[in-house]
Amino acid sequence: MKKKFFVSASIIIFAALLLSICCFPSEQKSYRDVVKNISNIVDLSYTAKQKRDQLNKEIWFNKGKNRLQAYITGKTSEIIYKQSKDGKEILEHLVNVECYIQEKQYFSKPDNAPWQEVRFIVADNATFSYSSNTLIANKVKVKLYSQPGHKLDKSLDDTNLLMQADFDTLEVKL
């Protein structure tokens, strides 16, 4: 009988303590303040890196009603993951870069055949930001093609070349 009473009393005391910590607004505020102070004291920053060779990356993105594609290759790359109090960021630094990006898809007139504009980029190096889907390339050669079809084709025909240019720096938002 004493044992049952002791167990019952222990359960009631534990439940009362749990309710007072979890349910009373003043206690919840105190708990949140303690957690906030601890996170201000503890440095939560972290950086991780990974190096890769012969990178081949396929990226799909939406532009208007179209689902478009980018294909990026690089001789070497280094992915850097940074976490700090301000947030997270993933960057990829690439060397000897080639990039094919679908700019738009459309249907030609009058036969209504599928066509696409493809931007071809060759750069000494580039950085791709995963958080903003942005490629920033340096020492760049760019060609813009109009090609038949809606599937990204890496075999580009210079008879369909619309323009070409050289840039010190080029930023492309996917």
# chains A, B, ... in the order shown; residues from 1 in each chain; ligands from 1
>>> residues_around(residues="range 144-158 of chain A", least_positions_apart="3", cutoff="6 Å", atoms="only C-alpha atoms", output="PDB file with C-alpha atoms, in the first residue's frame")
ATOM      1  CA  PRO A 114       9.959  24.046 -81.000  1.00  0.00           C
ATOM      2  CA  TRP A 115      13.056  26.273 -80.653  1.00  0.00           C
ATOM      3  CA  GLN A 116      15.270  27.427 -77.819  1.00  0.00           C
ATOM      4  CA  GLU A 117      17.911  30.022 -77.080  1.00  0.00           C
ATOM      5  CA  VAL A 118      21.054  28.570 -75.511  1.00  0.00           C
ATOM      6  CA  ARG A 119      23.812  30.613 -73.906  1.00  0.00           C
ATOM      7  CA  LEU A 161      24.833  31.872 -83.673  1.00  0.00           C
ATOM      8  CA  LEU A 162      23.001  35.058 -82.649  1.00  0.00           C
ATOM      9  CA  MET A 163      25.840  36.889 -80.865  1.00  0.00           C
TER      10      MET A 163
END
>>> residues_around(residues="Ser77 in chain A", least_positions_apart="5", cutoff="6 Å", atoms="only C-alpha atoms", output="NGL selection string")
:A and (51-52 or 93-94)
>>> atom_distance(atom1="CA of Ser45 in chain A", atom2="CA of Ile79 in chain A")
16.7 Å
>>> residues_around(residues="Lys173 in chain A", least_positions_apart="3", cutoff="9 Å", atoms="only C-alpha atoms", output="list in words")
Ser132, Asn133, Thr134, Leu135 and Ile136 of chain A
